[in-house]
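Notes to accompany the following structure.
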Amino acid sequence: MIRSYARRGLRLWGAYEAQFGSVFPALSRLVEPVTVSVSQSTCHNIRYLHTPGWSAHRGLFTTSRLNTARVSPLFSGSRGSVKTYATYRYFEGARPFVSTDHRTLFKGVAVVGTIGGVFYVTHLEETPVSGRRRFMIVSEGLEERLGGYQYLQLLRQYRHSILPDNHPAVIRVRNVMKRLIQVSGLPDVNWEIHVVNDPREPPNAFVLPGGKVFVFSSILPICQDDDGLATVLSHETAHQIARHIGEKLSQMPFYLFGSLLLQLLLGSSMDFSSLVALLLEMPASRQMESEADYIGLLMMSKACFDPRKAVAFWGRMQRVESVQPMEFLSTHPSSSTRIQQITEWLPKAIQTRETSDCYTMTNNFMDAFGFMR
């Protein structure tokens, strides 16, 4: 059947190739017939559709009785007109990934979108302290399990570089963390604090889900004092208060769906994950980083550290950063953006410090601020 359609298509094209531009002027600008050879099991010298800018591939040039273009009775073998149009017939029994019926496609997208919208709305919650609405489907238990796996991996990776508990740097970090933990609202977490002395590692610090703290010794000179160190540790602890790891994991299906949707709608096999990351994932990550700056600034103020030292710390960090990528290409705000934001939040942070009990620090940080914006 494919062979008969192919022969008929060749006769159609040969008889009306000269008239093709007048009958289908728009299509003639897009379609360039070329001749190639395919396997004998299919047919020989079948004409392909070649669209400029796209490779000539996919299927056979055949005819169907669906279009409204009129052709001569000479060709159709009847007195009236015959409706024909060019379609693709896929090789080797292959079929399109999605239906070519746009109405069916859009109905499917509408149904999936409606179900997804209901699911999204029913899983919205407020972020502690900042009050930002966000989508969350990952449980705290899953976060802690994932954090536990990564913790064991890091212990193996840096087993020869972790400083002992009696080292002055470790004692200093633990004293700062003790004050932050008291106001974090997470006192029951099994906190583990490690300082990694590895000159190959850049200045960094992070807190894994479950209270696993890693501080690289290269960041300590940049911190200079306990207020600078509190700026770093309160920011990293704020990520755990806001459960940003779980939020990122919850957003991953949307990024994957967005990439697949672009492939389907544009009919391309290109990987759109980088575009989705640029337009969606990176801005969301920068928002979480700024939120952690805000929560951390209030938390260090509540723990009676000087919030004004946070501005000085990010100024030093900006000088240390030899190469700063453009902000929209980064998962983190630039140091200059952070300085500007923290400066705007300073009056509130200073007021928080003045109203705090800086001797006993018995008030719970999250209870004190609740969902204050």
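Convention: chains lettered A, B, ... in structure tokens order; per-chain residue numbering from 1; ligands numbered from 1 as shown.
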Closest atom pairs, region 294-343 of chain A residues within 7 Å of region 268-287 of chain A, only C-alpha atoms, as a tab-separated table:
residue	atom	partner	partner_atom	distance
A:Leu329	CA	A:Leu278	CA	6.7
A:Ser330	CA	A:Met282	CA	6.4
A:Thr331	CA	A:Met282	CA	4.9
A:His332	CA	A:Arg286	CA	4.8
A:Pro333	CA	A:Arg286	CA	5.6
For the residues in the current selection, export C-alpha atoms as a PDB file, in the first residue's frame.
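selection27.pdb written:
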ATOM      1  CA  LEU A 329      23.180  33.110  34.654  1.00  0.00           C
ATOM      2  CA  SER A 330      23.792  32.225  38.299  1.00  0.00           C
ATOM      3  CA  THR A 331      21.876  30.343  40.976  1.00  0.00           C
ATOM      4  CA  HIS A 332      22.926  32.970  43.559  1.00  0.00           C
ATOM      5  CA  PRO A 333      22.446  36.725  43.712  1.00  0.00           C
TER       6      PRO A 333
END
Taking 2 positions as the minimum chain separation for residues in the same chain, which residues sit within 10 Å of Ile219 (chain A) when counting only C-alpha atoms? Answer as a PDB file with N, CA, C and O atoms, in the first residue's frame.
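Saved to result_9.pdb:
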ATOM      1  N   GLU A 201      39.794  23.463  48.363  1.00  0.00           N
ATOM      2  CA  GLU A 201      38.386  23.840  48.329  1.00  0.00           C
ATOM      3  C   GLU A 201      38.217  25.354  48.421  1.00  0.00           C
ATOM      4  O   GLU A 201      38.909  26.013  49.195  1.00  0.00           O
ATOM      5  N   PRO A 202      37.281  25.923  47.652  1.00  0.00           N
ATOM      6  CA  PRO A 202      37.026  27.368  47.735  1.00  0.00           C
ATOM      7  C   PRO A 202      36.303  27.716  49.031  1.00  0.00           C
ATOM      8  O   PRO A 202      35.787  26.833  49.722  1.00  0.00           O
ATOM      9  N   PRO A 203      36.249  28.991  49.388  1.00  0.00           N
ATOM     10  CA  PRO A 203      35.528  29.397  50.603  1.00  0.00           C
ATOM     11  C   PRO A 203      34.068  28.988  50.528  1.00  0.00           C
ATOM     12  O   PRO A 203      33.359  29.348  49.583  1.00  0.00           O
ATOM     13  N   ASN A 204      33.627  28.224  51.518  1.00  0.00           N
ATOM     14  CA  ASN A 204      32.262  27.713  51.461  1.00  0.00           C
ATOM     15  C   ASN A 204      31.836  27.199  52.825  1.00  0.00           C
ATOM     16  O   ASN A 204      32.676  26.926  53.697  1.00  0.00           O
ATOM     17  N   ALA A 205      30.539  27.066  52.993  1.00  0.00           N
ATOM     18  CA  ALA A 205      29.942  26.453  54.181  1.00  0.00           C
ATOM     19  C   ALA A 205      28.528  26.057  53.801  1.00  0.00           C
ATOM     20  O   ALA A 205      27.903  26.688  52.941  1.00  0.00           O
ATOM     21  N   VAL A 215      31.938  23.510  57.455  1.00  0.00           N
ATOM     22  CA  VAL A 215      32.557  24.819  57.233  1.00  0.00           C
ATOM     23  C   VAL A 215      33.970  24.574  56.729  1.00  0.00           C
ATOM     24  O   VAL A 215      34.745  23.827  57.352  1.00  0.00           O
ATOM     25  N   PHE A 216      34.298  25.184  55.603  1.00  0.00           N
ATOM     26  CA  PHE A 216      35.645  25.046  55.051  1.00  0.00           C
ATOM     27  C   PHE A 216      36.522  26.162  55.615  1.00  0.00           C
ATOM     28  O   PHE A 216      36.116  27.333  55.652  1.00  0.00           O
ATOM     29  N   SER A 217      37.722  25.783  56.035  1.00  0.00           N
ATOM     30  CA  SER A 217      38.590  26.724  56.744  1.00  0.00           C
ATOM     31  C   SER A 217      38.947  27.942  55.896  1.00  0.00           C
ATOM     32  O   SER A 217      39.291  28.992  56.445  1.00  0.00           O
ATOM     33  N   PRO A 221      39.053  33.295  57.246  1.00  0.00           N
ATOM     34  CA  PRO A 221      39.696  34.619  57.146  1.00  0.00           C
ATOM     35  C   PRO A 221      38.786  35.693  56.566  1.00  0.00           C
ATOM     36  O   PRO A 221      38.910  36.868  56.917  1.00  0.00           O
ATOM     37  N   ILE A 222      37.877  35.299  55.676  1.00  0.00           N
ATOM     38  CA  ILE A 222      36.950  36.277  55.103  1.00  0.00           C
ATOM     39  C   ILE A 222      35.925  36.714  56.151  1.00  0.00           C
ATOM     40  O   ILE A 222      35.509  37.875  56.189  1.00  0.00           O
ATOM     41  N   CYS A 223      35.530  35.788  57.001  1.00  0.00           N
ATOM     42  CA  CYS A 223      34.577  36.142  58.066  1.00  0.00           C
ATOM     43  C   CYS A 223      35.200  37.113  59.069  1.00  0.00           C
ATOM     44  O   CYS A 223      34.517  37.990  59.596  1.00  0.00           O
ATOM     45  N   GLN A 224      36.463  36.957  59.363  1.00  0.00           N
ATOM     46  CA  GLN A 224      37.245  37.788  60.279  1.00  0.00           C
ATOM     47  C   GLN A 224      36.853  37.598  61.739  1.00  0.00           C
ATOM     48  O   GLN A 224      37.684  37.265  62.577  1.00  0.00           O
ATOM     49  N   GLY A 228      30.916  38.003  61.421  1.00  0.00           N
ATOM     50  CA  GLY A 228      31.018  37.572  60.034  1.00  0.00           C
ATOM     51  C   GLY A 228      30.728  36.088  59.887  1.00  0.00           C
ATOM     52  O   GLY A 228      30.055  35.667  58.933  1.00  0.00           O
ATOM     53  N   LEU A 229      31.219  35.284  60.831  1.00  0.00           N
ATOM     54  CA  LEU A 229      30.935  33.849  60.793  1.00  0.00           C
ATOM     55  C   LEU A 229      29.451  33.586  61.011  1.00  0.00           C
ATOM     56  O   LEU A 229      28.871  32.688  60.375  1.00  0.00           O
ATOM     57  N   VAL A 232      27.461  33.899  57.805  1.00  0.00           N
ATOM     58  CA  VAL A 232      27.500  32.715  56.944  1.00  0.00           C
ATOM     59  C   VAL A 232      26.637  31.598  57.518  1.00  0.00           C
ATOM     60  O   VAL A 232      25.797  31.003  56.818  1.00  0.00           O
ATOM     61  N   MET A 317      33.588  39.504  50.594  1.00  0.00           N
ATOM     62  CA  MET A 317      33.359  38.400  49.665  1.00  0.00           C
ATOM     63  C   MET A 317      33.375  38.888  48.216  1.00  0.00           C
ATOM     64  O   MET A 317      33.888  38.205  47.317  1.00  0.00           O
TER      65      MET A 317
END
Coordinates-based distance that separates CA of Gly246 (chain A) from CA of Arg174 (chain A) (Å, one decimal):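 Taking CA of Arg174 (chain A) and CA of Gly246 (chain A), their separation equals 25.9 Å.
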Pick from A:Gly185, A:Gly116, A:Pro347, A:Gly147, whichever lies nearest to Leu208 (chain A) using only C-alpha atoms: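 That would be A:Gly147, the residue with the smallest distance to Leu208 (chain A).
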Point-to-point distance in Å for CA of His194 (chain A) and CA of Ser139 (chain A): 25.9 Å
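Straight-line separation from CA of Asp293 (chain A) to CA of Val138 (chain A): 22.9 Å.
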Residue nearest Glu126 (chain A) - candidates A:Ala303, A:Ala242, A:Leu346, A:Leu297, atoms counted: only C-alpha atoms: A:Ala242
Selected residue of minimal separation from Gln240 (chain A) among A:Thr104, A:Thr127, A:Ser322, A:Ser218, counting only C-alpha atoms: A:Thr127
Filtered DSSP result for region 186-239 of chain A, state strand (DSSP E or B), as JSON, numbers by chain: {"A": [192, 193, 194, 195, 196, 205, 206, 207, 208, 212, 213, 214, 215, 216]}
Just N, CA and C atoms for this one: save the residues we selected as a JSON list (two decimals), in the first residue's frame.
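Wrote it out as part11.json, contents follow:
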[["chain", "number", "residue", "atom", "x", "y", "z"],
["A", 192, "GLU", "N", 25.52, 18.15, 63.95],
["A", 192, "GLU", "CA", 26.90, 17.69, 63.84],
["A", 192, "GLU", "C", 27.68, 18.78, 63.11],
["A", 193, "ILE", "N", 28.79, 19.23, 63.70],
["A", 193, "ILE", "CA", 29.54, 20.37, 63.16],
["A", 193, "ILE", "C", 30.95, 19.92, 62.81],
["A", 194, "HIS", "N", 31.34, 20.19, 61.57],
["A", 194, "HIS", "CA", 32.67, 19.80, 61.10],
["A", 194, "HIS", "C", 33.33, 20.98, 60.40],
["A", 195, "VAL", "N", 34.63, 21.13, 60.61],
["A", 195, "VAL", "CA", 35.44, 22.11, 59.90],
["A", 195, "VAL", "C", 36.42, 21.35, 59.02],
["A", 196, "VAL", "N", 36.39, 21.64, 57.73],
["A", 196, "VAL", "CA", 37.23, 20.95, 56.75],
["A", 196, "VAL", "C", 38.40, 21.84, 56.39],
["A", 205, "ALA", "N", 30.54, 27.07, 52.99],
["A", 205, "ALA", "CA", 29.94, 26.45, 54.18],
["A", 205, "ALA", "C", 28.53, 26.06, 53.80],
["A", 206, "PHE", "N", 28.01, 25.00, 54.41],
["A", 206, "PHE", "CA", 26.64, 24.59, 54.14],
["A", 206, "PHE", "C", 26.14, 23.72, 55.29],
["A", 207, "VAL", "N", 24.81, 23.63, 55.36],
["A", 207, "VAL", "CA", 24.14, 22.81, 56.38],
["A", 207, "VAL", "C", 23.23, 21.85, 55.64],
["A", 208, "LEU", "N", 23.44, 20.55, 55.84],
["A", 208, "LEU", "CA", 22.59, 19.53, 55.22],
["A", 208, "LEU", "C", 21.34, 19.32, 56.05],
["A", 212, "LYS", "N", 23.52, 18.79, 59.71],
["A", 212, "LYS", "CA", 24.93, 18.43, 59.47],
["A", 212, "LYS", "C", 25.64, 19.64, 58.87],
["A", 213, "VAL", "N", 26.54, 20.24, 59.67],
["A", 213, "VAL", "CA", 27.18, 21.50, 59.32],
["A", 213, "VAL", "C", 28.60, 21.25, 58.83],
["A", 214, "PHE", "N", 28.94, 21.82, 57.69],
["A", 214, "PHE", "CA", 30.31, 21.75, 57.16],
["A", 214, "PHE", "C", 30.79, 23.17, 56.89],
["A", 215, "VAL", "N", 31.94, 23.51, 57.45],
["A", 215, "VAL", "CA", 32.56, 24.82, 57.23],
["A", 215, "VAL", "C", 33.97, 24.57, 56.73],
["A", 216, "PHE", "N", 34.30, 25.18, 55.60],
["A", 216, "PHE", "CA", 35.65, 25.05, 55.05],
["A", 216, "PHE", "C", 36.52, 26.16, 55.61]]
Polymer residues at most 8 Å from Ala230 (chain A), only C-alpha atoms, same-chain spacing of 2 or more positions, as an NGL selection string: :A and (176-177 or 180 or 226-228 or 232-234 or 300 or 305)
Which of A:Ala238, A:Pro209, A:Thr343, A:Ser290 sits closest to Gly141 (chain A) [using only C-alpha atoms]: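 Of all the options, A:Pro209 lies closest to Gly141 (chain A).
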Counting only C-alpha atoms, the option among A:Thr237, A:His167, A:Arg172, A:Ile162 closest to Leu186 (chain A): A:Thr237
